[in-house]
file model_9.cif (mmCIF, C-alpha atoms)
data_upload
#
loop_
_atom_site.group_PDB
_atom_site.id
_atom_site.type_symbol
_atom_site.label_atom_id
_atom_site.label_comp_id
_atom_site.auth_asym_id
_atom_site.auth_seq_id
_atom_site.Cartn_x
_atom_site.Cartn_y
_atom_site.Cartn_z
ATOM 1 C CA LEU A 1309 80.055 99.020 90.511
ATOM 2 C CA GLU A 1310 78.588 100.708 87.464
ATOM 3 C CA LYS A 1311 77.793 103.881 89.420
ATOM 4 C CA LEU A 1312 81.173 104.220 91.122
ATOM 5 C CA LYS A 1313 83.709 106.679 89.740
ATOM 6 C CA ARG A 1314 87.020 105.444 88.401
ATOM 7 C CA ARG A 1315 88.898 106.936 91.358
ATOM 8 C CA HIS A 1316 86.809 104.881 93.782
ATOM 9 C CA LEU A 1317 87.223 101.748 91.645
ATOM 10 C CA VAL A 1318 91.003 102.159 91.732
ATOM 11 C CA ARG A 1319 90.984 102.527 95.516
ATOM 12 C CA LEU A 1320 88.813 99.436 95.892
ATOM 13 C CA ALA A 1321 91.064 97.467 93.550
ATOM 14 C CA ARG A 1322 94.085 98.374 95.677
ATOM 15 C CA CYS A 1323 92.385 96.622 98.615
ATOM 16 C CA VAL A 1324 91.598 93.397 96.765
ATOM 17 C CA ARG A 1325 93.099 90.418 98.474
ATOM 18 C CA PRO A 1326 95.256 88.403 98.404
ATOM 19 C CA ASP A 1327 97.366 90.230 95.784
ATOM 20 C CA ALA A 1328 96.461 93.827 95.115
ATOM 21 C CA PRO A 1329 97.644 95.125 91.733
ATOM 22 C CA SER A 1330 100.275 97.846 91.643
ATOM 23 C CA ARG A 1331 99.271 101.480 91.260
ATOM 24 C CA LEU A 1332 100.765 101.625 87.785
ATOM 25 C CA ALA A 1333 98.907 98.525 86.652
ATOM 26 C CA LEU A 1334 95.657 100.030 87.915
ATOM 27 C CA ARG A 1335 96.250 103.328 86.148
ATOM 28 C CA LEU A 1336 96.833 101.521 82.863
ATOM 29 C CA LYS A 1337 93.708 99.380 83.186
ATOM 30 C CA ARG A 1338 90.498 100.411 81.485
ATOM 31 C CA THR A 1339 87.558 101.229 83.713
ATOM 32 C CA SER A 1340 85.592 98.279 82.335
ATOM 33 C CA ALA A 1341 88.492 95.947 83.197
ATOM 34 C CA LEU A 1342 88.610 97.400 86.719
ATOM 35 C CA ARG A 1343 84.890 96.699 87.130
ATOM 36 C CA ALA A 1344 85.367 93.136 85.870
ATOM 37 C CA THR A 1345 88.277 92.554 88.265
ATOM 38 C CA LEU A 1346 86.272 93.908 91.185
ATOM 39 C CA SER A 1347 83.237 91.797 90.262
ATOM 40 C CA GLU A 1348 85.407 88.684 90.277
ATOM 41 C CA ALA A 1349 86.940 89.690 93.608
ATOM 42 C CA ALA A 1350 83.481 90.293 95.087
ATOM 43 C CA ALA A 1351 82.286 86.865 93.933
ATOM 44 C CA ALA A 1352 85.371 85.238 95.466
ATOM 45 C CA MET A 1353 84.855 87.140 98.739
ATOM 46 C CA ALA A 1354 81.193 86.138 98.897
ATOM 47 C CA ALA A 1355 82.060 82.472 98.340
ATOM 48 C CA GLU A 1356 84.849 82.619 100.936
ATOM 49 C CA ASP A 1357 82.576 84.287 103.496
ATOM 50 C CA ALA A 1358 79.827 81.711 102.898
ATOM 51 C CA ALA A 1359 82.311 78.856 103.411
ATOM 52 C CA LEU A 1360 83.671 80.572 106.499
ATOM 53 C CA ALA A 1361 80.173 80.930 107.937
ATOM 54 C CA ARG A 1362 79.565 77.205 107.383
ATOM 55 C CA ASP A 1363 82.854 76.332 109.102
ATOM 56 C CA VAL A 1364 82.686 78.733 112.044
ATOM 57 C CA LEU A 1365 78.948 78.854 112.679
ATOM 58 C CA GLY A 1366 78.099 75.357 111.462
ATOM 59 C CA ALA A 1367 74.775 74.170 110.080
ATOM 60 C CA THR A 1368 72.989 74.733 113.390
ATOM 61 C CA GLY A 1369 74.298 78.274 113.857
ATOM 62 C CA GLY A 1370 76.305 77.251 116.935
ATOM 63 C CA LEU A 1371 79.855 78.504 117.361
ATOM 64 C CA ASN A 1372 82.571 76.010 116.351
ATOM 65 C CA ALA A 1373 85.786 77.397 117.833
ATOM 66 C CA THR A 1374 87.878 74.431 116.652
ATOM 67 C CA ALA A 1375 86.936 74.697 112.960
ATOM 68 C CA LEU A 1376 89.933 76.903 112.227
ATOM 69 C CA SER A 1377 93.424 76.938 113.664
ATOM 70 C CA PRO A 1378 94.508 79.988 115.671
ATOM 71 C CA ARG A 1379 96.675 81.092 112.718
ATOM 72 C CA GLU A 1380 93.745 80.799 110.281
ATOM 73 C CA VAL A 1381 91.454 82.750 112.609
ATOM 74 C CA LEU A 1382 94.092 85.465 112.926
ATOM 75 C CA GLU A 1383 94.455 85.731 109.124
ATOM 76 C CA VAL A 1384 90.692 85.710 108.522
ATOM 77 C CA CYS A 1385 90.095 88.363 111.178
ATOM 78 C CA ALA A 1386 92.853 90.581 109.787
ATOM 79 C CA ALA A 1387 91.502 90.249 106.234
ATOM 80 C CA ARG A 1388 88.050 91.373 107.399
ATOM 81 C CA GLY A 1389 89.192 94.164 109.673
ATOM 82 C CA VAL A 1390 88.097 92.320 112.803
ATOM 83 C CA GLY A 1391 90.199 93.029 115.900
ATOM 84 C CA VAL A 1392 93.024 90.534 116.331
ATOM 85 C CA ASP A 1393 93.944 91.343 119.925
ATOM 86 C CA GLY A 1394 93.111 88.927 122.716
ATOM 87 C CA ASP A 1395 93.180 85.154 122.746
ATOM 88 C CA HIS A 1396 91.885 82.641 120.180
ATOM 89 C CA GLU A 1397 88.424 82.370 121.762
ATOM 90 C CA LYS A 1398 87.950 86.136 121.724
ATOM 91 C CA ARG A 1399 88.934 86.345 118.049
ATOM 92 C CA VAL A 1400 86.590 83.484 117.147
ATOM 93 C CA ASP A 1401 83.779 85.215 119.036
ATOM 94 C CA ARG A 1402 84.423 88.489 117.178
ATOM 95 C CA LEU A 1403 84.532 86.628 113.871
ATOM 96 C CA ALA A 1404 81.243 84.887 114.670
ATOM 97 C CA ARG A 1405 79.621 88.265 115.450
ATOM 98 C CA TRP A 1406 80.965 89.628 112.159
ATOM 99 C CA LEU A 1407 79.519 86.645 110.285
ATOM 100 C CA ASP A 1408 76.167 87.060 112.085
ATOM 101 C CA ALA A 1409 76.047 90.746 111.151
ATOM 102 C CA ARG A 1410 76.907 89.853 107.544
ATOM 103 C CA ALA A 1411 74.136 87.246 107.429
ATOM 104 C CA THR A 1412 71.647 89.722 108.915
ATOM 105 C CA LEU A 1413 72.540 92.337 106.330
ATOM 106 C CA LEU A 1414 72.295 89.853 103.464
ATOM 107 C CA SER A 1415 68.957 88.496 104.684
ATOM 108 C CA ALA A 1416 67.617 92.052 104.905
ATOM 109 C CA LEU A 1417 68.652 92.600 101.296
ATOM 110 C CA ALA A 1418 67.016 89.337 100.251
ATOM 111 C CA GLY A 1419 63.852 90.349 102.116
ATOM 112 C CA ALA A 1420 63.830 93.637 100.219
ATOM 113 C CA GLY A 1421 63.690 91.672 96.981
ATOM 114 C CA ASP A 1422 67.267 92.384 95.889
ATOM 115 C CA GLY A 1423 68.283 88.716 95.870
ATOM 116 C CA GLU A 1424 72.035 88.758 96.347
ATOM 117 C CA ALA A 1425 74.302 91.550 97.498
ATOM 118 C CA PRO A 1426 75.706 93.822 94.801
ATOM 119 C CA PRO A 1427 79.483 93.521 94.287
ATOM 120 C CA SER A 1428 80.109 97.026 95.637
ATOM 121 C CA LEU A 1429 78.433 96.123 98.937
ATOM 122 C CA THR A 1430 80.418 92.889 99.168
ATOM 123 C CA LEU A 1431 83.661 94.808 98.647
ATOM 124 C CA HIS A 1432 82.739 97.470 101.229
ATOM 125 C CA MET A 1433 81.279 95.030 103.782
ATOM 126 C CA PRO A 1434 84.492 94.302 105.728
ATOM 127 C CA ALA A 1435 85.063 97.980 106.509
ATOM 128 C CA LEU A 1436 81.403 98.684 107.205
ATOM 129 C CA LEU A 1437 80.745 95.758 109.531
ATOM 130 C CA SER A 1438 84.086 95.997 111.322
ATOM 131 C CA ALA A 1439 83.524 99.646 112.177
ATOM 132 C CA LEU A 1440 80.010 98.963 113.429
ATOM 133 C CA LEU A 1441 81.000 95.955 115.525
ATOM 134 C CA GLU A 1442 83.993 97.773 117.000
ATOM 135 C CA LYS A 1443 81.715 100.631 118.063
ATOM 136 C CA VAL A 1444 79.276 98.180 119.669
ATOM 137 C CA GLU A 1445 82.127 96.443 121.508
ATOM 138 C CA VAL A 1446 83.461 99.738 122.863
ATOM 139 C CA GLU A 1447 79.999 100.867 123.977
ATOM 140 C CA SER A 1448 79.286 97.555 125.706
ATOM 141 C CA PHE A 1449 82.689 97.686 127.447
ATOM 142 C CA GLU A 1450 81.981 101.237 128.648
ATOM 143 C CA ALA A 1451 78.551 100.173 129.905
ATOM 144 C CA LEU A 1452 80.157 97.423 132.006
ATOM 145 C CA ALA A 1453 82.718 99.802 133.517
#
call {"tool": "encode", "arguments": {"input": "model_9.cif", "output": "structure tokens"}}
result
Amino acid sequence: LEKLKRRHLVRLARCVRPDAPSRLALRLKRTSALRATLSEAAAAMAAEDAALARDVLGATGGLNATALSPREVLEVCAARGVGVDGDHEKRVDRLARWLDARATLLSALAGAGDGEAPPSLTLHMPALLSALLEKVEVESFEALA
């Protein structure tokens, strides 16, 4: 977050869930306060994603489709940019693929000696992984057709 420009920090802060600050509040905030807010949001997202991975993927890594209600799966998918069309099983499958991709990315970072993901990566991860997984899904669908 230290290397990001203020303009980018403001745009990231507008995407923070569940309650994004207003534009005026963000303009009045100091850059250091924006960075602190985004660091806290990134830590909360990382903890939420880790808990979600435990619930959906379980300790063995197997898919647990009944861990979350259909409403919860819909909300979680929407918050992460994962496609919400289709039935409950399809959404759970997409969410599990998103969580697998997240775990792969984080393990690659840990293998590179970085330890944990930087807050900026955590905040950008939903958009990054969702776009990649959507592209893979479209390509696999076209290959089947």
call {"tool": "atom_distance", "arguments": {"input": "model_9.cif", "atom1": "atom CA of A:Val1364", "atom2": "atom CA of A:Arg1379"}}
result
14.2 Å
call {"tool": "atom_distance", "arguments": {"input": "model_9.cif", "atom1": "atom CA of A:Leu1437", "atom2": "atom CA of A:Ala1358"}}
result
15.6 Å
call {"tool": "resolve_selection", "arguments": {"input": "model_9.cif", "expression": "the PyMOL selection byres ((chain A and resi 1319) around 12)", "output": "list of chain:residue names"}}
result
A:Leu1312, A:Lys1313, A:Arg1314, A:Arg1315, A:His1316, A:Leu1317, A:Val1318, A:Leu1320, A:Ala1321, A:Arg1322, A:Cys1323, A:Val1324, A:Ala1328, A:Pro1329, A:Ser1330, A:Arg1331, A:Leu1334, A:Arg1335, A:Leu1342, A:Arg1343, A:Leu1346, A:Leu1431, A:His1432
call {"tool": "atom_distance", "arguments": {"input": "model_9.cif", "atom1": "atom CA of A:Asn1372", "atom2": "atom CA of A:Ala1409"}}
result
16.9 Å
call {"tool": "resolve_selection", "arguments": {"input": "model_9.cif", "expression": "the PyMOL selection byres ((chain A and resi 1382) around 10)", "output": "PDB file with C-alpha atoms, keeping the file's coordinate frame"}}
result
ATOM      1  CA  LEU A1376      89.933  76.903 112.227  1.00  0.00           C
ATOM      2  CA  SER A1377      93.424  76.938 113.664  1.00  0.00           C
ATOM      3  CA  PRO A1378      94.508  79.988 115.671  1.00  0.00           C
ATOM      4  CA  ARG A1379      96.675  81.092 112.718  1.00  0.00           C
ATOM      5  CA  GLU A1380      93.745  80.799 110.281  1.00  0.00           C
ATOM      6  CA  VAL A1381      91.454  82.750 112.609  1.00  0.00           C
ATOM      7  CA  GLU A1383      94.455  85.731 109.124  1.00  0.00           C
ATOM      8  CA  VAL A1384      90.692  85.710 108.522  1.00  0.00           C
ATOM      9  CA  CYS A1385      90.095  88.363 111.178  1.00  0.00           C
ATOM     10  CA  ALA A1386      92.853  90.581 109.787  1.00  0.00           C
ATOM     11  CA  ALA A1387      91.502  90.249 106.234  1.00  0.00           C
ATOM     12  CA  VAL A1390      88.097  92.320 112.803  1.00  0.00           C
ATOM     13  CA  GLY A1391      90.199  93.029 115.900  1.00  0.00           C
ATOM     14  CA  VAL A1392      93.024  90.534 116.331  1.00  0.00           C
ATOM     15  CA  ASP A1393      93.944  91.343 119.925  1.00  0.00           C
ATOM     16  CA  ASP A1395      93.180  85.154 122.746  1.00  0.00           C
ATOM     17  CA  HIS A1396      91.885  82.641 120.180  1.00  0.00           C
ATOM     18  CA  ARG A1399      88.934  86.345 118.049  1.00  0.00           C
ATOM     19  CA  VAL A1400      86.590  83.484 117.147  1.00  0.00           C
ATOM     20  CA  LEU A1403      84.532  86.628 113.871  1.00  0.00           C
TER      21      LEU A1403
END
call {"tool": "axis_aligned_box", "arguments": {"input": "model_9.cif", "around": "stretch 1381-1398 of chain A", "padding_each_side": "5 Å", "output": "AutoDock Vina command-line options"}}
result
--center_x 91.2 --center_y 88.3 --center_z 114.5 --size_x 16.5 --size_y 21.8 --size_z 26.5
call {"tool": "closest_residue", "arguments": {"input": "model_9.cif", "among": "A:Thr1339, A:Gly1389, A:Leu1407, A:Asp1401", "to": "A:Arg1362", "atoms": "all atoms listed in the file"}}
result
A:Leu1407
call {"tool": "residues_near_point", "arguments": {"input": "model_9.cif", "point": "(78.8, 93.8, 94.0)", "cutoff": "10 Å", "atoms": "all atoms listed in the file", "output": "list in words"}}
result
Leu1309, Glu1310, Arg1343, Leu1346, Ser1347, Glu1348, Ala1349, Ala1350, Ala1351, Ala1354, Glu1424, Ala1425, Pro1426, Pro1427, Ser1428, Leu1429, Thr1430, Leu1431 and His1432 of chain A
call {"tool": "write_last_selection", "arguments": {"input": "model_9.cif", "atoms": "C-alpha atoms", "output": "compact mmCIF listing (two decimals), in the coordinates of the input"}}
result
# COMPACT_ATOMS: atom_id res chain seq x y z
CA LEU A 1309 80.06 99.02 90.51
CA GLU A 1310 78.59 100.71 87.46
CA ARG A 1343 84.89 96.70 87.13
CA LEU A 1346 86.27 93.91 91.18
CA SER A 1347 83.24 91.80 90.26
CA GLU A 1348 85.41 88.68 90.28
CA ALA A 1349 86.94 89.69 93.61
CA ALA A 1350 83.48 90.29 95.09
CA ALA A 1351 82.29 86.86 93.93
CA ALA A 1354 81.19 86.14 98.90
CA GLU A 1424 72.04 88.76 96.35
CA ALA A 1425 74.30 91.55 97.50
CA PRO A 1426 75.71 93.82 94.80
CA PRO A 1427 79.48 93.52 94.29
CA SER A 1428 80.11 97.03 95.64
CA LEU A 1429 78.43 96.12 98.94
CA THR A 1430 80.42 92.89 99.17
CA LEU A 1431 83.66 94.81 98.65
CA HIS A 1432 82.74 97.47 101.23
call {"tool": "closest_residue", "arguments": {"input": "model_9.cif", "among": "A:Ala1451, A:Ala1333, A:Ala1344, A:Ala1404", "to": "A:Arg1388", "atoms": "only C-alpha atoms"}}
result
A:Ala1404
call {"tool": "closest_residue", "arguments": {"input": "model_9.cif", "among": "A:Ser1415, A:Lys1311, A:Leu1452, A:Arg1405", "to": "A:Ser1438", "atoms": "all atoms listed in the file"}}
result
A:Arg1405
call {"tool": "residues_around", "arguments": {"input": "model_9.cif", "residues": "A:Asp1408", "least_positions_apart": "6", "cutoff": "10 Å", "atoms": "only C-alpha atoms", "output": "list in words"}}
result
Ala1361, Leu1365, Gly1369, Arg1402 and Leu1414 of chain A
call {"tool": "closest_residue", "arguments": {"input": "model_9.cif", "among": "A:Lys1398, A:Lys1337, A:Pro1434, A:Ala1375", "to": "A:Asp1357", "atoms": "all atoms listed in the file"}}
result
A:Pro1434
call {"tool": "build_atoms", "arguments": {"input": "model_9.cif", "residues": "stretch 1421-1440 of chain A", "atoms": "N, CA and C atoms", "output": "mmCIF file, in the frame of the given file"}}
result
data_model
loop_
_atom_site.group_PDB
_atom_site.id
_atom_site.type_symbol
_atom_site.label_atom_id
_atom_site.label_comp_id
_atom_site.auth_asym_id
_atom_site.auth_seq_id
_atom_site.Cartn_x
_atom_site.Cartn_y
_atom_site.Cartn_z
ATOM 1 N N GLY A 1421 63.894 92.078 98.370
ATOM 2 C CA GLY A 1421 63.690 91.672 96.981
ATOM 3 C C GLY A 1421 64.910 91.846 96.101
ATOM 4 N N ASP A 1422 66.063 92.174 96.691
ATOM 5 C CA ASP A 1422 67.267 92.384 95.889
ATOM 6 C C ASP A 1422 67.986 91.080 95.533
ATOM 7 N N GLY A 1423 67.622 89.983 96.165
ATOM 8 C CA GLY A 1423 68.283 88.716 95.870
ATOM 9 C C GLY A 1423 69.636 88.655 96.542
ATOM 10 N N GLU A 1424 70.702 88.814 95.755
ATOM 11 C CA GLU A 1424 72.035 88.758 96.347
ATOM 12 C C GLU A 1424 72.643 90.153 96.441
ATOM 13 N N ALA A 1425 73.670 90.253 97.259
ATOM 14 C CA ALA A 1425 74.302 91.550 97.498
ATOM 15 C C ALA A 1425 75.033 92.013 96.239
ATOM 16 N N PRO A 1426 74.945 93.304 95.934
ATOM 17 C CA PRO A 1426 75.706 93.822 94.801
ATOM 18 C C PRO A 1426 77.205 93.752 95.097
ATOM 19 N N PRO A 1427 78.037 93.632 94.059
ATOM 20 C CA PRO A 1427 79.483 93.521 94.287
ATOM 21 C C PRO A 1427 80.060 94.679 95.098
ATOM 22 N N SER A 1428 79.553 95.890 94.894
ATOM 23 C CA SER A 1428 80.109 97.026 95.637
ATOM 24 C C SER A 1428 79.862 96.875 97.133
ATOM 25 N N LEU A 1429 78.700 96.346 97.517
ATOM 26 C CA LEU A 1429 78.433 96.123 98.937
ATOM 27 C C LEU A 1429 79.344 95.036 99.488
ATOM 28 N N THR A 1430 79.536 93.974 98.731
ATOM 29 C CA THR A 1430 80.418 92.889 99.168
ATOM 30 C C THR A 1430 81.833 93.408 99.394
ATOM 31 N N LEU A 1431 82.305 94.283 98.515
ATOM 32 C CA LEU A 1431 83.661 94.808 98.647
ATOM 33 C C LEU A 1431 83.788 95.796 99.810
ATOM 34 N N HIS A 1432 82.710 96.505 100.132
ATOM 35 C CA HIS A 1432 82.739 97.470 101.229
ATOM 36 C C HIS A 1432 82.367 96.846 102.580
ATOM 37 N N MET A 1433 81.802 95.645 102.562
ATOM 38 C CA MET A 1433 81.279 95.030 103.782
ATOM 39 C C MET A 1433 82.314 94.865 104.897
ATOM 40 N N PRO A 1434 83.547 94.433 104.616
ATOM 41 C CA PRO A 1434 84.492 94.302 105.728
ATOM 42 C C PRO A 1434 84.691 95.594 106.505
ATOM 43 N N ALA A 1435 84.857 96.701 105.822
ATOM 44 C CA ALA A 1435 85.063 97.980 106.509
ATOM 45 C C ALA A 1435 83.801 98.415 107.251
ATOM 46 N N LEU A 1436 82.668 98.264 106.610
ATOM 47 C CA LEU A 1436 81.403 98.684 107.205
ATOM 48 C C LEU A 1436 81.087 97.896 108.474
ATOM 49 N N LEU A 1437 81.105 96.594 108.377
ATOM 50 C CA LEU A 1437 80.745 95.758 109.531
ATOM 51 C C LEU A 1437 81.781 95.845 110.643
ATOM 52 N N SER A 1438 83.050 95.913 110.290
ATOM 53 C CA SER A 1438 84.086 95.997 111.322
ATOM 54 C C SER A 1438 83.961 97.271 112.136
ATOM 55 N N ALA A 1439 83.688 98.376 111.464
ATOM 56 C CA ALA A 1439 83.524 99.646 112.177
ATOM 57 C C ALA A 1439 82.305 99.604 113.091
ATOM 58 N N LEU A 1440 81.214 99.046 112.610
ATOM 59 C CA LEU A 1440 80.010 98.963 113.429
ATOM 60 C C LEU A 1440 80.208 98.056 114.637
#
